[in-house]
$ cat coords.txt   # compact mmCIF, C-alpha atoms and all ligand atoms
# COMPACT_ATOMS: atom_id res chain seq x y z
CA MET A 1 101.27 97.50 115.55
CA LYS A 2 104.09 99.35 117.25
CA VAL A 3 103.72 102.96 118.37
CA CYS A 4 106.92 105.03 118.52
CA TYR A 5 107.30 108.46 120.06
CA THR A 6 110.98 109.16 119.39
CA LYS A 7 113.08 109.39 116.23
CA ARG A 8 115.47 106.80 117.57
CA GLU A 9 112.70 104.24 118.20
CA LEU A 10 111.25 105.00 114.78
CA MET A 11 114.53 104.36 112.99
CA GLU A 12 115.29 101.21 114.97
CA GLU A 13 111.81 99.77 114.47
CA THR A 14 111.76 100.59 110.74
CA ALA A 15 115.10 98.78 110.32
CA ARG A 16 113.80 95.77 112.29
CA LEU A 17 110.56 95.60 110.26
CA ARG A 18 112.54 95.81 107.01
CA ARG A 19 114.60 92.81 108.09
CA GLU A 20 111.58 90.83 109.29
CA LYS A 21 108.86 91.65 106.76
CA GLY A 22 110.69 92.63 103.58
CA PRO A 23 112.58 95.54 102.08
CA THR A 24 109.94 98.00 100.84
CA VAL A 25 108.45 100.65 103.12
CA GLY A 26 105.42 102.89 102.49
CA LEU A 27 104.99 106.07 104.54
CA VAL A 28 101.73 107.98 105.06
CA PRO A 29 102.27 111.33 106.80
CA THR A 30 99.15 112.65 108.56
CA MET A 31 98.09 115.14 111.22
CA GLY A 32 95.70 112.60 112.76
CA ALA A 33 91.95 112.87 113.44
CA LEU A 34 91.90 110.09 110.91
CA HIS A 35 89.04 109.45 108.49
CA GLN A 36 88.37 107.33 105.43
CA GLY A 37 90.47 109.69 103.26
CA HIS A 38 93.56 108.89 105.34
CA LEU A 39 92.61 105.21 105.49
CA SER A 40 92.49 104.98 101.69
CA LEU A 41 96.11 106.19 101.52
CA ILE A 42 97.09 103.77 104.26
CA GLN A 43 95.37 100.82 102.58
CA GLN A 44 97.26 101.55 99.37
CA ALA A 45 100.55 101.85 101.26
CA HIS A 46 99.85 98.54 103.01
CA TYR A 47 99.00 96.85 99.72
CA GLU A 48 102.06 98.11 97.82
CA ASN A 49 104.80 97.68 100.43
CA HIS A 50 106.13 95.09 102.86
CA VAL A 51 106.07 97.60 105.70
CA CYS A 52 103.47 100.32 106.31
CA VAL A 53 104.39 103.34 108.46
CA VAL A 54 101.94 106.10 109.45
CA SER A 55 102.99 109.33 111.14
CA ILE A 56 100.61 111.39 113.24
CA PHE A 57 101.82 114.86 114.08
CA VAL A 58 100.00 118.18 114.16
CA ASN A 59 102.87 120.16 112.72
CA PRO A 60 102.92 123.58 114.45
CA ILE A 61 105.17 125.27 111.90
CA GLN A 62 102.79 124.73 108.98
CA PHE A 63 99.96 126.65 110.67
CA ASN A 64 99.93 130.36 109.94
CA ASN A 65 96.86 130.82 112.13
CA GLN A 66 97.15 130.10 115.86
CA THR A 67 93.41 129.50 116.36
CA ASP A 68 93.45 126.93 113.56
CA PHE A 69 96.41 125.19 115.24
CA GLN A 70 94.82 125.23 118.68
CA THR A 71 91.41 123.99 117.54
CA TYR A 72 92.81 121.36 115.16
CA PRO A 73 91.29 118.04 116.34
CA ARG A 74 93.64 115.72 118.22
CA THR A 75 92.30 112.18 118.70
CA LEU A 76 95.37 109.94 119.06
CA GLU A 77 93.67 107.13 121.01
CA ALA A 78 90.81 106.81 118.53
CA ASP A 79 93.30 107.05 115.63
CA LEU A 80 95.35 104.14 116.99
CA LYS A 81 92.18 102.04 117.32
CA LEU A 82 91.37 102.71 113.65
CA LEU A 83 94.89 101.81 112.53
CA GLU A 84 95.37 98.60 114.51
CA PRO A 85 93.11 96.33 112.38
CA ILE A 86 94.14 97.55 108.93
CA GLY A 87 97.69 96.28 108.69
CA VAL A 88 99.71 99.28 109.85
CA ASP A 89 103.07 98.08 111.19
CA LEU A 90 104.31 101.24 112.84
CA VAL A 91 102.83 104.53 114.00
CA PHE A 92 105.12 107.47 114.70
CA ALA A 93 103.49 110.01 117.00
CA PRO A 94 106.24 112.39 118.14
CA SER A 95 105.93 115.43 120.38
CA ALA A 96 106.74 118.91 119.02
CA ASN A 97 109.99 118.85 121.07
CA GLU A 98 111.01 115.59 119.47
CA MET A 99 110.54 116.97 115.95
CA TYR A 100 111.83 120.46 116.72
CA PRO A 101 114.45 120.23 119.49
CA ALA A 102 115.35 123.63 120.89
CA GLY A 103 118.41 125.12 119.26
CA HIS A 104 118.10 122.96 116.16
CA PRO A 105 117.65 125.31 113.17
CA ILE A 106 114.60 124.98 110.92
CA GLU A 107 115.41 124.42 107.25
CA SER A 108 114.40 127.06 104.74
CA TYR A 109 113.17 125.94 101.32
CA ASP A 110 112.55 127.83 98.13
CA PHE A 111 109.77 126.28 96.05
CA GLY A 112 109.79 129.12 93.52
CA PRO A 113 106.56 129.91 91.63
CA LEU A 114 104.89 126.78 93.06
CA GLU A 115 104.59 128.48 96.45
CA GLN A 116 103.70 131.94 95.16
CA VAL A 117 100.08 131.02 94.39
CA MET A 118 97.01 129.82 96.31
CA GLU A 119 97.97 128.10 99.60
CA GLY A 120 101.51 129.44 99.41
CA LYS A 121 100.36 132.99 98.78
CA ASN A 122 97.50 132.96 101.29
CA ARG A 123 99.25 131.07 104.10
CA PRO A 124 102.74 132.56 104.46
CA GLY A 125 105.22 129.98 105.74
CA HIS A 126 102.79 127.09 105.29
CA PHE A 127 104.71 125.23 102.60
CA ASN A 128 108.05 125.75 104.28
CA GLY A 129 106.52 124.07 107.33
CA VAL A 130 105.23 121.23 105.16
CA GLY A 131 108.63 120.90 103.46
CA VAL A 132 110.45 120.78 106.79
CA ILE A 133 108.26 118.09 108.35
CA VAL A 134 107.95 115.95 105.22
CA GLY A 135 111.69 116.25 104.51
CA ARG A 136 112.56 115.20 108.07
CA LEU A 137 110.11 112.27 108.00
CA LEU A 138 111.39 111.06 104.64
CA LYS A 139 115.00 111.19 105.84
CA MET A 140 114.16 109.26 109.03
CA VAL A 141 111.94 106.54 107.53
CA GLU A 142 113.67 106.33 104.12
CA PRO A 143 110.49 104.95 102.54
CA ASP A 144 110.33 103.57 99.01
CA ARG A 145 106.95 105.23 98.54
CA ALA A 146 105.16 108.08 100.31
CA TYR A 147 101.42 108.67 99.91
CA PHE A 148 99.62 112.02 99.66
CA GLY A 149 96.01 112.94 98.91
CA GLU A 150 94.97 114.98 95.88
CA LYS A 151 92.70 116.98 98.15
CA ASP A 152 95.83 119.01 98.92
CA TYR A 153 96.71 119.30 95.26
CA GLN A 154 99.35 122.00 95.58
CA GLN A 155 100.99 120.15 98.47
CA ILE A 156 101.74 117.19 96.20
CA ALA A 157 103.58 119.45 93.76
CA ILE A 158 105.54 120.97 96.66
CA VAL A 159 106.46 117.53 98.01
CA ARG A 160 107.60 116.33 94.57
CA ASN A 161 109.76 119.46 94.30
CA LEU A 162 111.15 118.86 97.81
CA VAL A 163 112.09 115.28 96.92
CA PHE A 164 113.84 116.57 93.80
CA GLN A 165 115.72 119.25 95.78
CA LEU A 166 116.82 116.76 98.44
CA ASN A 167 117.54 114.07 95.86
CA LEU A 168 115.66 111.45 97.87
CA PRO A 169 115.03 108.00 96.38
CA VAL A 170 111.31 107.94 97.21
CA LYS A 171 108.33 107.68 94.88
CA ILE A 172 105.54 110.13 95.68
CA ILE A 173 102.16 108.50 95.12
CA SER A 174 99.12 110.75 94.75
CA CYS A 175 95.77 109.32 95.79
CA ARG A 176 92.28 110.38 94.73
CA ILE A 177 90.01 112.47 96.94
CA ILE A 178 87.60 110.51 99.15
CA ARG A 179 84.23 112.21 99.58
CA GLU A 180 81.11 111.89 101.72
CA PRO A 181 78.08 110.56 99.81
CA ASP A 182 76.89 114.17 99.45
CA GLY A 183 80.20 115.19 97.83
CA LEU A 184 81.94 116.96 100.72
CA ALA A 185 85.64 116.04 100.69
CA LEU A 186 86.54 114.20 103.88
CA SER A 187 88.66 116.35 106.17
CA SER A 188 89.72 116.30 109.80
CA ARG A 189 88.33 119.83 110.02
CA ASN A 190 84.82 118.62 109.04
CA ARG A 191 84.27 117.54 112.63
CA LEU A 192 84.53 121.21 113.66
CA LEU A 193 81.50 122.11 111.52
CA THR A 194 78.18 122.87 113.23
CA PRO A 195 75.18 120.88 111.88
CA GLU A 196 74.13 124.00 109.92
CA GLN A 197 77.60 124.44 108.42
CA ARG A 198 77.82 120.72 107.64
CA ALA A 199 74.50 121.00 105.78
CA ILE A 200 75.74 123.76 103.46
CA ALA A 201 79.32 122.52 102.99
CA PRO A 202 78.44 120.06 100.16
CA ASN A 203 77.65 123.12 98.02
CA ILE A 204 81.39 123.48 97.47
CA TYR A 205 81.68 120.29 95.43
CA ARG A 206 78.28 120.86 93.81
CA ILE A 207 79.56 124.20 92.48
CA LEU A 208 82.86 122.66 91.37
CA LYS A 209 80.96 119.98 89.44
CA ALA A 210 78.78 122.64 87.81
CA SER A 211 81.97 124.46 86.80
CA ALA A 212 83.21 121.25 85.16
CA GLU A 213 80.02 121.12 83.09
CA MET A 214 80.67 124.69 81.95
CA CYS A 215 84.24 123.70 81.07
CA ALA A 216 83.00 120.73 79.06
CA LYS A 217 80.82 123.06 76.96
CA ALA A 218 83.55 125.68 76.46
CA ARG A 219 85.82 125.75 73.42
CA CYS A 220 89.51 125.19 74.10
CA SER A 221 90.32 128.72 73.01
CA ASP A 222 87.76 130.21 75.42
CA GLU A 223 88.93 132.12 78.46
CA VAL A 224 88.50 130.48 81.87
CA ALA A 225 87.30 133.79 83.40
CA PRO A 226 83.54 133.10 82.95
CA VAL A 227 83.87 129.82 84.84
CA LYS A 228 85.85 131.60 87.53
CA ARG A 229 83.16 134.27 87.86
CA PHE A 230 80.44 131.60 87.95
CA VAL A 231 82.10 129.86 90.92
CA GLU A 232 82.73 133.14 92.76
CA LYS A 233 79.09 134.17 92.34
CA ALA A 234 77.68 130.75 93.21
CA VAL A 235 79.63 130.62 96.50
CA ALA A 236 78.67 134.22 97.34
CA GLU A 237 75.01 133.24 96.98
CA ILE A 238 75.20 130.63 99.78
CA PRO A 239 74.73 132.31 103.17
CA GLY A 240 77.29 130.93 105.61
CA LEU A 241 80.00 130.22 103.05
CA GLU A 242 82.77 132.66 102.26
CA LEU A 243 85.18 132.22 99.39
CA GLU A 244 88.88 132.67 100.14
CA TYR A 245 90.01 131.89 96.60
CA PHE A 246 89.15 129.96 93.50
CA GLU A 247 91.79 129.56 90.81
CA ILE A 248 91.88 127.62 87.58
CA VAL A 249 95.47 126.52 87.19
CA ASP A 250 97.84 124.43 85.11
CA GLY A 251 97.83 121.03 86.83
CA GLN A 252 101.63 120.80 86.64
CA SER A 253 102.96 124.32 87.22
CA LEU A 254 100.00 125.39 89.44
CA GLN A 255 100.03 128.79 87.71
CA PRO A 256 96.68 130.37 86.80
CA ILE A 257 95.73 129.94 83.13
CA ARG A 258 93.90 132.38 80.85
CA THR A 259 92.32 129.98 78.35
CA TRP A 260 91.58 126.25 78.54
CA PHE A 261 94.20 125.84 75.86
CA ASP A 262 96.96 127.13 78.16
CA ALA A 263 97.58 123.81 79.93
CA PRO A 264 97.17 120.13 79.05
CA ASP A 265 95.45 119.48 82.35
CA GLN A 266 93.54 122.13 84.24
CA VAL A 267 92.53 122.07 87.90
CA GLY A 268 90.05 124.26 89.74
CA CYS A 269 91.33 124.84 93.30
CA ILE A 270 89.09 126.32 95.95
CA VAL A 271 89.18 127.36 99.59
CA VAL A 272 85.95 128.24 101.35
CA TRP A 273 85.30 129.23 104.95
CA ALA A 274 82.27 127.91 106.80
CA GLY A 275 82.41 130.09 109.93
CA ASN A 276 85.90 129.49 111.39
CA VAL A 277 86.45 126.27 109.47
CA ARG A 278 88.65 126.39 106.39
CA LEU A 279 87.65 123.87 103.73
CA ILE A 280 89.84 123.03 100.74
CA ASP A 281 88.81 121.14 97.61
CA ASN A 282 89.58 120.89 93.91
CA ILE A 283 88.37 119.44 90.66
CA ARG A 284 90.35 118.26 87.64
CA TYR A 285 88.88 119.51 84.40
CA GLY A 286 91.11 117.61 81.94
CA LYS A 287 89.75 119.46 78.92
CA PHE A 288 92.02 117.59 76.46
P1 LIG A 301 96.21 115.71 106.91
O1 LIG A 301 96.09 114.82 108.10
O2 LIG A 301 95.04 116.60 106.69
O3 LIG A 301 97.53 116.44 106.86
O4 LIG A 301 96.21 114.74 105.67
C1 LIG A 301 97.15 113.70 105.55
C2 LIG A 301 97.11 113.18 104.14
O5 LIG A 301 95.81 112.68 103.85
C3 LIG A 301 97.39 114.29 103.11
O6 LIG A 301 98.21 113.77 102.08
C4 LIG A 301 96.02 114.63 102.62
O7 LIG A 301 96.01 115.15 101.31
C5 LIG A 301 95.34 113.28 102.67
N1 LIG A 301 93.88 113.45 102.71
C6 LIG A 301 93.18 114.21 103.58
N2 LIG A 301 91.85 114.17 103.27
C7 LIG A 301 91.74 113.37 102.19
C8 LIG A 301 90.63 112.95 101.39
N3 LIG A 301 89.39 113.34 101.64
N4 LIG A 301 90.88 112.12 100.36
C9 LIG A 301 92.15 111.72 100.08
N5 LIG A 301 93.23 112.09 100.80
C10 LIG A 301 93.03 112.91 101.84
$ encode --input "coords.txt" --output "structure tokens"
Amino acid sequence: MKVCYTKRELMEETARLRREKGPTVGLVPTMGALHQGHLSLIQQAHYENHVCVVSIFVNPIQFNNQTDFQTYPRTLEADLKLLEPIGVDLVFAPSANEMYPAGHPIESYDFGPLEQVMEGKNRPGHFNGVGVIVGRLLKMVEPDRAYFGEKDYQQIAIVRNLVFQLNLPVKIISCRIIREPDGLALSSRNRLLTPEQRAIAPNIYRILKASAEMCAKARCSDEVAPVKRFVEKAVAEIPGLELEYFEIVDGQSLQPIRTWFDAPDQVGCIVVWAGNVRLIDNIRYGKF
């Protein structure tokens, strides 16, 4: 496994690996502090491509909250140890200067209505930061496939839109959410939870699952509002958890829906704070 720190090394090594191992390349962009959720993406990339590339970069321009950026876990050495035995060919771990050289302008993307809801609305600049880093990585690695987790549901839609805007010949592969046995979605931020916060965090998925049961019993023409209210109330009843948002949206357009009938696939997207830790999750209802 080769570790590269510069764009030049990355591009040279990717070209060499393509010649030596075969033509198809899979890319898994991450911010490190790797866990089984990341590893599931990486295993799929390894399985489906001749060459498997993983990037590890805590992207400063996608954080709209400085404390979140500063406290974000950084565990490069441990990450490399996890990656070595699972067939990763190349790890790209650039510095912020390498990705954002002084004087080099930052691209500005317009994702339209996709970025005017949920994460886009609540974290100004977040998706532009995601677009910039993912766009730059895709242009450098030129992968055939790039892998993203459904945990960040809206991010996948943004990345697909980015690829369309940039006209890049890459297939975006979405991968299912990996959870702890108690239902908590794996996240690098979980390691920031205190034992007390970790104990209550599984309530998020428990409430989402209960909302899916309500959805299953609802008629298609019913409004989604009662399910929304149920989730808001259920989170409010757990001391230590604070709801940032819960939206029931069209799984394609990401726009909130009024009735179950309004979209062929519906997704419930939630963000909850446990103390200073921001936890994101979602559930697909698939009423039809
Ligand atoms: P991050 O390092 O948090 O930026 O995540 C890198 C990639 O891993 C993103 O595409 C995430 O959606 C994905 N990911 C993170 N957690 C999970 C999880 N629990 N299950 C599946 N994919 C995940």
$ closest_residue --input "coords.txt" --among "A:His38, A:Lys81, A:Arg16, A:Lys121" --to "ligand LIG 301 (chain A)" --atoms "only C-alpha atoms and all ligand atoms"
A:His38
$ residues_around --input "coords.txt" --residues "Ala212 (chain A)" --least-positions-apart "6" --cutoff "10 Å" --atoms "only C-alpha atoms" --output "PDB file with C-alpha atoms, in the coordinates of the input"
ATOM      1  CA  ARG A 206      78.280 120.860  93.810  1.00  0.00           C
ATOM      2  CA  ALA A 218      83.550 125.680  76.460  1.00  0.00           C
ATOM      3  CA  VAL A 227      83.870 129.820  84.840  1.00  0.00           C
ATOM      4  CA  VAL A 267      92.530 122.070  87.900  1.00  0.00           C
ATOM      5  CA  GLY A 268      90.050 124.260  89.740  1.00  0.00           C
ATOM      6  CA  ILE A 283      88.370 119.440  90.660  1.00  0.00           C
ATOM      7  CA  ARG A 284      90.350 118.260  87.640  1.00  0.00           C
ATOM      8  CA  TYR A 285      88.880 119.510  84.400  1.00  0.00           C
ATOM      9  CA  GLY A 286      91.110 117.610  81.940  1.00  0.00           C
ATOM     10  CA  LYS A 287      89.750 119.460  78.920  1.00  0.00           C
TER      11      LYS A 287
END
$ closest_residue --input "coords.txt" --among "A:Met140, A:Val53, A:Ile177, A:Leu76" --to "ligand LIG 301 (chain A)" --atoms "all atoms listed in the file"
A:Ile177
$ closest_atom_pairs --input "coords.txt" --of "chain A" --to "ligand LIG 301 (chain A)" --cutoff "8 Å" --atoms "only C-alpha atoms and all ligand atoms" --output "CSV"
residue,atom,partner,partner_atom,distance
A:Val28,CA,A:LIG301,C2,7.0
A:Pro29,CA,A:LIG301,C1,5.8
A:Thr30,CA,A:LIG301,C1,3.8
A:Met31,CA,A:LIG301,O1,3.7
A:Gly32,CA,A:LIG301,O1,5.2
A:Ala33,CA,A:LIG301,O1,7.0
A:Leu34,CA,A:LIG301,O1,6.9
A:His35,CA,A:LIG301,N2,7.6
A:Gln36,CA,A:LIG301,N3,7.2
A:Gly37,CA,A:LIG301,C8,3.8
A:His38,CA,A:LIG301,O5,4.7
A:Ser40,CA,A:LIG301,C9,6.9
A:Leu41,CA,A:LIG301,N5,6.6
A:Ile56,CA,A:LIG301,O1,7.7
A:Val58,CA,A:LIG301,O3,7.9
A:Tyr147,CA,A:LIG301,O6,6.4
A:Phe148,CA,A:LIG301,O6,3.3
A:Gly149,CA,A:LIG301,O7,3.3
A:Glu150,CA,A:LIG301,O7,5.5
A:Lys151,CA,A:LIG301,O7,4.9
A:Asp152,CA,A:LIG301,O7,4.5
A:Tyr153,CA,A:LIG301,O7,7.4
A:Gln155,CA,A:LIG301,O7,7.6
A:Ile156,CA,A:LIG301,O6,7.7
A:Ser174,CA,A:LIG301,O6,8.0
A:Cys175,CA,A:LIG301,C9,6.1
A:Arg176,CA,A:LIG301,C9,5.5
A:Ile177,CA,A:LIG301,N4,3.5
A:Ile178,CA,A:LIG301,N4,3.8
A:Arg179,CA,A:LIG301,N3,5.7
A:Ala185,CA,A:LIG301,N3,4.7
A:Leu186,CA,A:LIG301,N3,3.7
A:Ser187,CA,A:LIG301,N2,4.8
A:Ser188,CA,A:LIG301,O2,6.2
$ closest_residue --input "coords.txt" --among "A:Cys215, A:Met118, A:Ala201, A:Ala45" --to "Gly87 (chain A)" --atoms "all atoms listed in the file"
A:Ala45
$ atom_distance --input "coords.txt" --atom1 "CA of Lys233 (chain A)" --atom2 "CA of Ala274 (chain A)"
16.1 Å
